[in-house]
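A.B. asks: Structure file data.txt, compact mmCIF, C-alpha atoms and all ligand atoms, is pasted below:
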# COMPACT_ATOMS: atom_id res chain seq x y z
CA MET Y 1 43.96 108.77 76.68
CA SER Y 2 45.01 107.26 80.02
CA ASP Y 3 41.50 107.64 81.47
CA HIS Y 4 40.00 105.46 78.72
CA ALA Y 5 39.52 101.71 78.89
CA PHE Y 6 42.04 99.38 77.28
CA ALA Y 7 40.14 98.62 74.06
CA THR Y 8 39.66 102.35 73.43
CA ARG Y 9 43.31 103.18 74.07
CA ALA Y 10 44.42 100.39 71.72
CA ILE Y 11 42.52 102.04 68.87
CA HIS Y 12 43.07 105.74 69.55
CA ALA Y 13 46.37 106.30 71.40
CA GLY Y 14 48.91 107.86 69.01
CA GLN Y 15 46.47 107.49 66.13
CA ASP Y 16 45.17 111.00 65.52
CA PRO Y 17 44.16 111.62 61.89
CA ASP Y 18 46.87 113.16 59.70
CA PRO Y 19 46.74 116.96 60.27
CA MET Y 20 47.69 117.76 56.65
CA THR Y 21 45.15 115.62 54.81
CA GLY Y 22 42.68 114.31 57.38
CA SER Y 23 43.57 110.67 56.62
CA ILE Y 24 41.91 108.66 59.37
CA ILE Y 25 44.92 106.36 59.40
CA PRO Y 26 48.25 108.07 60.13
CA PRO Y 27 50.42 107.58 57.04
CA ILE Y 28 53.46 105.36 56.66
CA HIS Y 29 56.32 107.86 56.67
CA GLN Y 30 58.60 105.92 54.35
CA SER Y 31 61.39 108.49 54.43
CA SER Y 32 64.92 108.25 55.81
CA THR Y 33 65.37 111.96 56.52
CA HIS Y 34 63.44 115.19 57.09
CA VAL Y 35 63.90 118.68 55.70
CA GLN Y 36 65.16 121.36 58.12
CA ASP Y 37 63.84 124.93 58.15
CA GLY Y 38 67.30 126.44 58.52
CA VAL Y 39 70.11 124.55 60.23
CA GLY Y 40 68.67 122.73 63.26
CA GLY Y 41 65.12 123.89 62.46
CA LEU Y 42 63.51 120.49 62.88
CA ARG Y 43 59.82 119.91 62.21
CA GLY Y 44 58.33 117.92 65.09
CA GLY Y 45 61.82 117.00 66.32
CA TYR Y 46 62.50 114.71 63.33
CA GLU Y 47 65.84 114.75 61.51
CA TYR Y 48 67.14 111.30 60.54
CA ASN Y 49 65.23 108.07 60.93
CA ARG Y 50 67.56 106.19 63.21
CA SER Y 51 66.77 108.80 65.85
CA GLY Y 52 63.08 109.09 65.09
CA ASN Y 53 60.32 108.47 62.56
CA PRO Y 54 56.69 109.65 62.87
CA THR Y 55 55.24 106.20 62.15
CA ARG Y 56 57.45 104.67 64.81
CA SER Y 57 56.51 107.48 67.23
CA ALA Y 58 52.81 106.71 66.68
CA LEU Y 59 53.46 103.06 67.61
CA GLU Y 60 55.53 104.04 70.65
CA VAL Y 61 52.71 106.26 71.99
CA GLN Y 62 50.28 103.38 71.44
CA LEU Y 63 52.57 100.85 73.20
CA ALA Y 64 53.07 103.11 76.24
CA ALA Y 65 49.31 103.62 76.52
CA LEU Y 66 48.62 99.87 76.35
CA GLU Y 67 50.97 99.04 79.21
CA GLY Y 68 50.22 102.20 81.23
CA GLY Y 69 53.87 103.21 80.89
CA ALA Y 70 55.53 106.62 80.86
CA LYS Y 71 57.24 105.87 77.54
CA ALA Y 72 57.90 103.06 75.06
CA LEU Y 73 60.53 102.38 72.42
CA SER Y 74 60.00 100.20 69.38
CA PHE Y 75 62.71 97.95 67.90
CA ALA Y 76 63.34 95.71 64.91
CA SER Y 77 62.71 92.55 66.96
CA GLY Y 78 62.01 91.41 70.49
CA LEU Y 79 65.62 90.39 70.99
CA ALA Y 80 66.86 93.74 69.66
CA ALA Y 81 64.68 95.41 72.32
CA GLU Y 82 66.04 93.11 75.04
CA ASP Y 83 69.62 93.70 73.91
CA ALA Y 84 69.24 97.50 74.00
CA LEU Y 85 67.67 97.33 77.45
CA LEU Y 86 70.30 94.99 78.89
CA ARG Y 87 73.27 96.83 77.43
CA SER Y 88 72.11 100.19 78.65
CA ILE Y 89 71.37 99.09 82.23
CA LEU Y 90 74.14 96.54 82.88
CA LYS Y 91 77.87 96.96 83.29
CA PRO Y 92 80.63 94.34 83.65
CA GLY Y 93 80.33 92.50 86.97
CA ASP Y 94 76.54 92.77 87.14
CA HIS Y 95 74.36 89.72 87.66
CA VAL Y 96 70.99 88.85 86.09
CA LEU Y 97 68.62 86.40 87.76
CA MET Y 98 66.05 84.85 85.46
CA GLY Y 99 63.34 82.23 85.50
CA ASN Y 100 64.38 78.69 84.61
CA ASP Y 101 62.08 78.54 81.61
CA VAL Y 102 62.51 81.88 79.90
CA TYR Y 103 62.46 82.24 76.13
CA GLY Y 104 65.49 80.37 74.77
CA GLY Y 105 66.67 83.39 72.78
CA THR Y 106 66.78 85.54 75.92
CA TYR Y 107 68.91 82.93 77.65
CA ARG Y 108 71.16 82.70 74.59
CA LEU Y 109 71.55 86.51 74.42
CA LEU Y 110 72.66 86.66 78.04
CA THR Y 111 74.84 83.56 78.20
CA ARG Y 112 76.47 83.73 74.76
CA VAL Y 113 76.47 87.39 73.72
CA LEU Y 114 76.60 89.33 76.98
CA ALA Y 115 78.54 86.85 79.16
CA PRO Y 116 81.86 87.52 77.36
CA TRP Y 117 81.34 91.21 78.26
CA GLY Y 118 81.26 90.38 81.96
CA ILE Y 119 77.55 89.93 82.65
CA GLU Y 120 76.73 86.87 84.71
CA THR Y 121 73.36 85.14 84.47
CA THR Y 122 71.85 82.42 86.62
CA THR Y 123 68.43 80.79 86.48
CA VAL Y 124 66.06 79.87 89.29
CA GLU Y 125 62.53 78.60 89.85
CA LEU Y 126 60.92 82.03 90.29
CA SER Y 127 57.75 80.72 91.91
CA ASP Y 128 59.91 79.49 94.83
CA LEU Y 129 60.58 82.67 96.81
CA GLU Y 130 63.09 81.05 99.12
CA ALA Y 131 65.09 79.91 96.10
CA VAL Y 132 64.86 83.42 94.64
CA ARG Y 133 66.11 85.04 97.84
CA GLY Y 134 68.97 82.54 97.95
CA ALA Y 135 69.95 83.25 94.35
CA LEU Y 136 69.99 87.06 94.65
CA ARG Y 137 73.43 88.60 95.05
CA PRO Y 138 74.70 92.06 95.95
CA GLU Y 139 75.54 92.53 92.26
CA THR Y 140 72.11 91.40 91.01
CA ARG Y 141 70.87 94.29 88.91
CA ILE Y 142 67.96 92.68 87.07
CA VAL Y 143 65.38 90.02 87.87
CA TRP Y 144 63.82 88.82 84.61
CA VAL Y 145 60.51 86.97 84.49
CA GLU Y 146 58.09 85.60 81.94
CA THR Y 147 54.63 84.86 83.23
CA PRO Y 148 52.99 82.83 81.82
CA SER Y 149 56.26 81.17 80.89
CA ASN Y 150 57.30 79.44 77.71
CA PRO Y 151 56.44 76.64 77.10
CA LEU Y 152 55.26 75.29 80.46
CA LEU Y 153 52.93 78.21 81.29
CA LYS Y 154 54.20 78.65 84.83
CA ILE Y 155 52.75 81.62 86.70
CA VAL Y 156 54.68 83.95 88.97
CA ASP Y 157 53.12 86.56 91.27
CA ILE Y 158 54.50 89.78 89.77
CA THR Y 159 53.70 91.96 92.81
CA VAL Y 160 55.52 89.66 95.21
CA LEU Y 161 58.51 89.19 92.90
CA ALA Y 162 58.79 92.97 92.41
CA GLU Y 163 58.98 93.42 96.18
CA VAL Y 164 61.68 90.77 96.52
CA ALA Y 165 63.69 92.26 93.65
CA HIS Y 166 63.40 95.79 95.01
CA GLU Y 167 64.46 94.72 98.52
CA ALA Y 168 67.65 93.37 96.93
CA GLY Y 169 68.23 96.60 94.99
CA ALA Y 170 67.38 95.03 91.61
CA VAL Y 171 64.82 96.03 89.01
CA LEU Y 172 62.10 93.70 87.77
CA VAL Y 173 61.75 93.20 84.00
CA VAL Y 174 58.67 91.33 82.77
CA ASP Y 175 58.62 89.81 79.28
CA ASN Y 176 54.88 90.28 78.67
CA THR Y 177 54.83 88.66 75.23
CA PHE Y 178 52.67 85.67 76.19
CA ALA Y 179 49.92 87.55 78.02
CA SER Y 180 49.95 90.80 76.04
CA PRO Y 181 48.82 94.00 77.78
CA ALA Y 182 45.21 93.12 77.02
CA LEU Y 183 45.42 90.41 79.69
CA GLN Y 184 48.16 91.64 82.03
CA GLN Y 185 49.79 94.99 82.78
CA PRO Y 186 52.94 94.31 84.82
CA LEU Y 187 53.83 97.97 85.44
CA SER Y 188 50.63 98.39 87.45
CA LEU Y 189 51.70 95.34 89.53
CA GLY Y 190 55.08 96.80 90.47
CA ALA Y 191 57.40 95.86 87.58
CA ASP Y 192 59.91 98.50 86.46
CA LEU Y 193 60.15 97.57 82.79
CA VAL Y 194 58.20 95.51 80.28
CA VAL Y 195 59.61 93.97 77.12
CA HIS Y 196 57.70 92.54 74.18
CA SER Y 197 58.23 90.58 71.10
CA THR Y 198 55.57 92.50 69.16
CA THR Y 199 56.07 89.83 66.51
CA LYS Y 200 53.59 87.75 68.50
CA TYR Y 201 50.19 88.92 69.86
CA LEU Y 202 50.66 92.66 69.37
CA GLY Y 203 51.32 92.35 65.64
CA GLY Y 204 48.96 89.39 65.74
CA HIS Y 205 49.02 88.33 62.08
CA SER Y 206 52.38 86.57 61.65
CA ASP Y 207 53.49 89.16 59.12
CA VAL Y 208 55.96 91.42 60.93
CA LEU Y 209 58.90 91.21 63.33
CA GLY Y 210 59.25 93.73 66.14
CA GLY Y 211 60.02 94.38 69.78
CA ALA Y 212 59.41 96.97 72.46
CA VAL Y 213 60.61 98.22 75.82
CA VAL Y 214 58.04 100.00 77.99
CA PHE Y 215 59.12 102.12 80.96
CA ALA Y 216 57.21 102.59 84.23
CA ASP Y 217 58.84 106.01 84.70
CA ASP Y 218 61.76 108.14 83.48
CA ARG Y 219 64.58 106.22 85.21
CA PHE Y 220 65.91 104.25 82.23
CA ALA Y 221 64.17 105.75 79.21
CA GLU Y 222 66.89 108.13 78.21
CA GLN Y 223 69.74 105.62 78.32
CA VAL Y 224 67.78 102.99 76.35
CA ALA Y 225 66.74 105.64 73.80
CA PHE Y 226 70.39 106.56 73.43
CA GLN Y 227 71.30 102.89 72.90
CA GLN Y 228 68.56 102.62 70.27
CA PHE Y 229 69.86 105.69 68.45
CA ALA Y 230 73.54 104.77 68.80
CA VAL Y 231 73.14 101.14 67.70
CA GLY Y 232 70.17 101.47 65.37
CA ALA Y 233 68.02 98.35 65.80
CA VAL Y 234 64.89 100.45 65.17
CA SER Y 235 61.65 99.24 63.62
CA ALA Y 236 61.19 100.22 59.98
CA PRO Y 237 58.22 102.48 59.12
CA LEU Y 238 56.19 99.78 57.36
CA ASP Y 239 56.82 97.32 60.21
CA ALA Y 240 55.80 99.90 62.80
CA TRP Y 241 52.64 100.65 60.83
CA LEU Y 242 51.69 96.96 60.52
CA THR Y 243 52.19 96.53 64.25
CA THR Y 244 50.00 99.54 64.99
CA ARG Y 245 47.30 98.10 62.75
CA GLY Y 246 47.50 94.73 64.51
CA ILE Y 247 47.25 96.30 67.95
CA LYS Y 248 43.90 97.90 67.18
CA THR Y 249 42.20 94.49 67.32
CA LEU Y 250 44.24 93.14 70.25
CA ALA Y 251 41.41 93.28 72.80
CA VAL Y 252 38.96 91.23 70.73
CA ARG Y 253 41.63 88.83 69.50
CA MET Y 254 42.83 88.06 73.03
CA ARG Y 255 39.29 87.31 74.16
CA GLN Y 256 38.89 84.76 71.38
CA HIS Y 257 42.38 83.26 71.82
CA SER Y 258 41.59 82.74 75.51
CA GLU Y 259 38.15 81.27 74.87
CA ASN Y 260 39.48 78.81 72.28
CA ALA Y 261 42.47 77.79 74.41
CA GLN Y 262 40.21 77.19 77.42
CA ALA Y 263 37.99 74.90 75.30
CA ILE Y 264 41.00 72.96 74.04
CA ALA Y 265 42.50 72.70 77.55
CA GLU Y 266 39.25 71.28 78.90
CA TRP Y 267 39.03 68.81 76.01
CA ALA Y 268 42.65 67.72 76.58
CA ALA Y 269 42.25 67.42 80.36
CA ALA Y 270 39.54 64.81 79.76
CA ARG Y 271 41.77 62.68 77.49
CA SER Y 272 43.94 59.97 78.98
CA GLU Y 273 46.45 60.31 76.09
CA PHE Y 274 47.71 63.51 77.76
CA GLU Y 275 49.76 63.06 80.89
CA SER Y 276 49.63 66.81 81.66
CA VAL Y 277 47.85 69.86 80.32
CA PHE Y 278 49.68 73.12 80.98
CA TYR Y 279 47.10 75.92 80.91
CA PRO Y 280 46.59 78.50 83.68
CA GLY Y 281 42.84 78.63 82.95
CA LEU Y 282 42.41 75.12 84.40
CA ALA Y 283 41.55 75.13 88.11
CA THR Y 284 44.07 72.27 88.54
CA HIS Y 285 46.97 74.46 87.31
CA PRO Y 286 49.21 75.35 90.29
CA GLY Y 287 49.28 79.03 89.25
CA HIS Y 288 45.55 79.29 88.53
CA GLU Y 289 44.65 81.52 91.48
CA ILE Y 290 47.51 83.96 90.92
CA ALA Y 291 46.73 84.08 87.21
CA ALA Y 292 43.06 84.74 87.93
CA ARG Y 293 44.13 87.66 90.12
CA GLN Y 294 46.80 89.27 87.95
CA MET Y 295 45.42 88.49 84.47
CA ARG Y 296 42.16 89.33 82.70
CA GLY Y 297 41.98 86.05 80.78
CA PHE Y 298 44.38 83.13 80.51
CA GLY Y 299 45.64 83.61 76.96
CA GLY Y 300 46.05 81.52 73.85
CA MET Y 301 49.14 79.47 74.69
CA LEU Y 302 48.96 75.94 76.05
CA SER Y 303 51.20 72.92 76.17
CA LEU Y 304 50.40 69.23 76.30
CA ALA Y 305 52.54 66.32 77.52
CA LEU Y 306 51.80 63.04 75.79
CA ALA Y 307 51.65 59.95 78.00
CA ALA Y 308 53.01 57.82 75.15
CA GLY Y 309 56.31 59.74 75.18
CA PRO Y 310 58.58 61.75 72.87
CA ASP Y 311 57.97 59.86 69.60
CA ALA Y 312 54.21 60.20 69.94
CA ALA Y 313 54.57 63.89 70.80
CA ARG Y 314 56.65 64.50 67.71
CA ARG Y 315 54.18 62.55 65.54
CA PHE Y 316 51.27 64.50 67.06
CA ALA Y 317 52.95 67.80 66.16
CA GLU Y 318 53.44 66.52 62.61
CA SER Y 319 49.89 65.17 62.21
CA THR Y 320 47.60 68.20 62.50
CA SER Y 321 46.29 70.00 59.45
CA LEU Y 322 44.66 73.23 60.71
CA PHE Y 323 47.37 73.69 63.33
CA LEU Y 324 50.42 74.46 61.21
CA LEU Y 325 53.81 73.15 62.33
CA ALA Y 326 55.89 76.28 62.83
CA GLU Y 327 57.93 78.36 65.24
CA SER Y 328 56.45 81.54 66.67
CA LEU Y 329 53.05 82.24 68.20
CA GLY Y 330 50.38 84.84 68.73
CA GLY Y 331 48.93 85.04 65.21
CA VAL Y 332 45.28 84.59 64.28
CA GLU Y 333 46.10 81.17 62.81
CA SER Y 334 46.79 78.19 65.08
CA LEU Y 335 50.33 76.83 65.24
CA ILE Y 336 51.79 73.71 66.82
CA GLY Y 337 55.41 73.19 67.80
CA TYR Y 338 57.69 70.57 69.25
CA PRO Y 339 59.74 72.78 71.62
CA SER Y 340 62.64 70.46 72.43
CA GLU Y 341 63.67 70.39 68.75
CA MET Y 342 62.24 73.72 67.58
CA THR Y 343 61.86 76.85 69.74
CA HIS Y 344 63.89 75.40 72.60
CA ALA Y 345 66.54 73.47 70.67
CA SER Y 346 69.15 75.98 71.85
CA VAL Y 347 68.54 75.06 75.52
CA ARG Y 348 68.66 71.25 75.13
CA GLY Y 349 70.85 69.78 77.81
CA THR Y 350 70.72 72.95 79.97
CA ALA Y 351 68.63 73.79 83.04
CA LEU Y 352 66.06 75.24 80.64
CA ALA Y 353 65.53 72.02 78.63
CA VAL Y 354 61.88 71.21 77.83
CA PRO Y 355 60.54 67.65 78.40
CA GLU Y 356 60.61 65.77 75.11
CA ASN Y 357 57.01 64.59 75.34
CA VAL Y 358 55.67 68.17 75.28
CA VAL Y 359 54.02 69.92 72.35
CA ARG Y 360 53.14 73.60 72.42
CA LEU Y 361 50.03 75.12 70.87
CA SER Y 362 49.50 78.71 69.88
CA VAL Y 363 45.73 78.60 69.66
CA GLY Y 364 44.39 80.89 66.97
CA ILE Y 365 40.98 82.47 66.57
CA GLU Y 366 39.47 79.93 64.16
CA ASP Y 367 36.33 78.04 65.18
CA ALA Y 368 37.08 76.12 68.40
CA ALA Y 369 35.17 72.98 67.33
CA ASP Y 370 37.22 72.79 64.11
CA LEU Y 371 40.43 73.12 66.11
CA ILE Y 372 39.44 70.37 68.55
CA ALA Y 373 38.45 68.06 65.68
CA ASP Y 374 41.87 68.64 64.11
CA LEU Y 375 43.68 67.78 67.36
CA ASP Y 376 41.44 64.78 67.91
CA GLU Y 377 42.30 63.30 64.49
CA ALA Y 378 46.01 64.03 64.93
CA LEU Y 379 45.97 62.36 68.33
CA ALA Y 380 44.41 59.23 66.86
CA ARG Y 381 47.12 59.13 64.16
CA ALA Y 382 49.95 59.82 66.61
CA THR Y 383 48.96 57.21 69.17
CA ALA Y 384 47.65 54.49 66.81
C1 LIG S 1 59.61 85.52 70.33
C2 LIG S 1 59.91 85.90 71.71
C3 LIG S 1 61.00 86.75 72.01
C4 LIG S 1 61.95 87.24 70.95
O1 LIG S 1 61.34 88.10 70.05
P1 LIG S 1 61.78 88.25 68.50
O2 LIG S 1 60.77 89.22 67.97
O3 LIG S 1 61.67 86.88 67.88
O4 LIG S 1 63.17 88.76 68.49
C5 LIG S 1 61.20 87.09 73.33
N1 LIG S 1 60.39 86.64 74.31
C6 LIG S 1 59.35 85.82 74.06
C7 LIG S 1 58.50 85.34 75.19
C8 LIG S 1 59.07 85.41 72.76
O5 LIG S 1 58.05 84.58 72.52
Show this structure as structure tokens.
C.D. replies:
Amino acid sequence: MSDHAFATRAIHAGQDPDPMTGSIIPPIHQSSTHVQDGVGGLRGGYEYNRSGNPTRSALEVQLAALEGGAKALSFASGLAAEDALLRSILKPGDHVLMGNDVYGGTYRLLTRVLAPWGIETTTVELSDLEAVRGALRPETRIVWVETPSNPLLKIVDITVLAEVAHEAGAVLVVDNTFASPALQQPLSLGADLVVHSTTKYLGGHSDVLGGAVVFADDRFAEQVAFQQFAVGAVSAPLDAWLTTRGIKTLAVRMRQHSENAQAIAEWAAARSEFESVFYPGLATHPGHEIAARQMRGFGGMLSLALAAGPDAARRFAESTSLFLLAESLGGVESLIGYPSEMTHASVRGTALAVPENVVRLSVGIEDAADLIADLDEALARATA
């Protein structure tokens, strides 16, 4: 499978027809346990579903193939995946260095759940290499980056950051949720581990929660697999199956998300009501050149800062009709959010706080002209 192009791998990796019946689609193995042919005589290695389920295995093969990894593990949510990864790599006294605009839930996991267990976390502007070098410590074990970041779509050069992390004896983890492997494959750029909220673009239809860890090589796979088995935050068979089904259309969806977001970014850049347009596909974006190099499209996420300030931004987010006001992202339908009181409410007043005049769009794959008309009308209402 690894010699096939991305779109082909997304459809075929781990998806062989069922050997018993010939079903083109591998079945949903909705079973908690498996019969043994004599004590310890396991069929296909399966015994009890916390340790393994064939539907989950099919998804894990697919996920590893998408990212070009040696192995992948699938979890009940993105944060469950992050938690398993962090707990199995870190020990008390270790330090984590992360970007200053990572997903709020990741920051919360580290600073409120793991900190009492002796893990220290600091944040830094990861695009500033001098600042990164200054913030690394002898006990830094992990450098954690999101690129593009949430919600300000900052871009970090993964290859350069991997070198800096490795020089300091740390591993580089990339949260690849925003780009998806269709647009960016961090392991091929030098990252050691990739995490996903598969809830977003991989699932793609806003109907299932899930997460994944993908491994560049064998270094950490066994200990994270043990954590998954020992703690049990696994993805359920139906959820794994839905995610697999979503992934098959990832390549075409990401093309359309990117095309629509580019059209909206260009429309917004020409409007004086927006003080800033955060989209790496615009040549004016400070990370545009790096993004053009390390991504194969600029994705479906973009943020807008309203010149008229926080009240207008909030009204704008409440005034669209096609764009639905909701948390989350990455589905086929367009969503709008007001980060400072929604997705990023937990980081208000911290170094990760989002400007209050910013709205975030998860641009879906509807007709781009319809989406722009919707934003145009909402803008008129919000700034009247
Ligand atoms: C949503 C999200 C997560 C958390 O994933 P869940 O599936 O909600 O647990 C982590 N990182 C990013 C970038 C996300 O958007």
A.B. asks: Output the neighbourhood of ligand LIG 1 (chain S) as a PyMOL selection string, that is, all protein and nucleic acid residues with some atom at most 8 Å from the ligand, counting all atoms listed in the file.
C.D. replies: chain Y and resi 76-82+102-103+105-106+146+149-150+175-178+195-200+209-211+328-329
A.B. asks: For Y:Val252, list every protein, DNA or RNA residue within 10 Å, evaluated using only C-alpha atoms, and leave out those in the same chain fewer than 4 positions away; present the list as a VMD selection string.
C.D. replies: chain Y and resid 7 182 248 256 to 257 365
A.B. asks: Compare Y:Arg381, Y:His95, Y:Arg245, Y:His285 by their minimum atom-to-atom distance to Y:Pro148, counting only C-alpha atoms, and give me the closest one.
C.D. replies: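 Using only C-alpha atoms, the shortest distance to Y:Pro148 belongs to Y:His285.
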A.B. asks: For atom CA of Y:Pro92 and atom CA of Y:Leu129, determine how far apart the two atoms are, in Å to one decimal place.
C.D. replies: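 Distance reported for this atom pair: 26.7 Å.
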A.B. asks: Residues around (53.2, 67.6, 71.5), cut-off 8 Å, counting only C-alpha atoms - what are they as a PDB file with C-alpha atoms, keeping the file's coordinate frame?
C.D. replies:
ATOM      1  CA  SER Y 303      51.200  72.920  76.170  1.00  0.00           C
ATOM      2  CA  LEU Y 304      50.400  69.230  76.300  1.00  0.00           C
ATOM      3  CA  ALA Y 305      52.540  66.320  77.520  1.00  0.00           C
ATOM      4  CA  LEU Y 306      51.800  63.040  75.790  1.00  0.00           C
ATOM      5  CA  ALA Y 312      54.210  60.200  69.940  1.00  0.00           C
ATOM      6  CA  ALA Y 313      54.570  63.890  70.800  1.00  0.00           C
ATOM      7  CA  ARG Y 314      56.650  64.500  67.710  1.00  0.00           C
ATOM      8  CA  ARG Y 315      54.180  62.550  65.540  1.00  0.00           C
ATOM      9  CA  PHE Y 316      51.270  64.500  67.060  1.00  0.00           C
ATOM     10  CA  ALA Y 317      52.950  67.800  66.160  1.00  0.00           C
ATOM     11  CA  ILE Y 336      51.790  73.710  66.820  1.00  0.00           C
ATOM     12  CA  GLY Y 337      55.410  73.190  67.800  1.00  0.00           C
ATOM     13  CA  TYR Y 338      57.690  70.570  69.250  1.00  0.00           C
ATOM     14  CA  ASN Y 357      57.010  64.590  75.340  1.00  0.00           C
ATOM     15  CA  VAL Y 358      55.670  68.170  75.280  1.00  0.00           C
ATOM     16  CA  VAL Y 359      54.020  69.920  72.350  1.00  0.00           C
ATOM     17  CA  ARG Y 360      53.140  73.600  72.420  1.00  0.00           C
TER      18      ARG Y 360
END
A.B. asks: Would you compute the distance between atom CA of Y:Arg137 and atom CA of Y:Ala170? Give it in Å to one decimal.
C.D. replies: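 That distance, rounded to one decimal, is 9.5 Å.
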A.B. asks: Hey, can you check how far atom CA of Y:Ala353 sits from atom CA of Y:Ala168?
C.D. replies: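 Taking atom CA of Y:Ala353 and atom CA of Y:Ala168, their separation equals 28.2 Å.
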A.B. asks: Mind checking which residues fall within 10 Å of Y:Leu238, counting all atoms listed in the file, ignoring those fewer than 3 positions away in the same chain, and posting them as a list in words?
C.D. replies: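 Answer for this query is Pro27, Ile28, His29, Gln30, Thr55, Arg56, Val208, Ser235, Trp241, Leu242, Thr243 and Thr244 of chain Y.
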A.B. asks: Please list, as a PyMOL selection string, the residues that have an atom at most 12 Å away from (44.8, 108.6, 67.2) in the coordinates of this file, counting all atoms listed in the file.
C.D. replies: chain Y and resi 1+8-19+22-27+55+57-59+61-62+65+244-245+248
A.B. asks: Padding of 8 Å on every side, edges along x, y and z, all listed atoms of stretch 50-67 of chain Y included: what centre and edge lengths in Å, to one decimal, does that box have, as lines of an AutoDock Vina configuration file?
C.D. replies:
center_x = 58.1
center_y = 104.3
center_z = 70.7
size_x = 34.9
size_y = 26.6
size_z = 33.1
A.B. asks: Which of these, Y:Phe220, Y:Trp144, Y:Trp267, Y:Phe278, has the shortest distance to Y:Thr122 once you count all atoms listed in the file?
C.D. replies: Y:Trp144
A.B. asks: Which residue, Y:Ala115, Y:Ala84, Y:Val124, Y:Val214, has the smallest gap to Y:Leu97 when you use all atoms listed in the file?
C.D. replies: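 Among the listed residues, Y:Val124 lies closest to Y:Leu97.
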A.B. asks: From the options Y:Leu109, Y:Ile155, Y:Val35, Y:Ala72, which residue's atoms come nearest to Y:Ala292, counting all atoms listed in the file?
C.D. replies: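 Closest to Y:Ala292, using all atoms listed in the file: Y:Ile155.
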A.B. asks: Hey, which of Y:Arg112, Y:Lys91, Y:Arg271, Y:Lys154 ends up closest to Y:Glu139? Count all atoms listed in the file.
C.D. replies: Y:Lys91
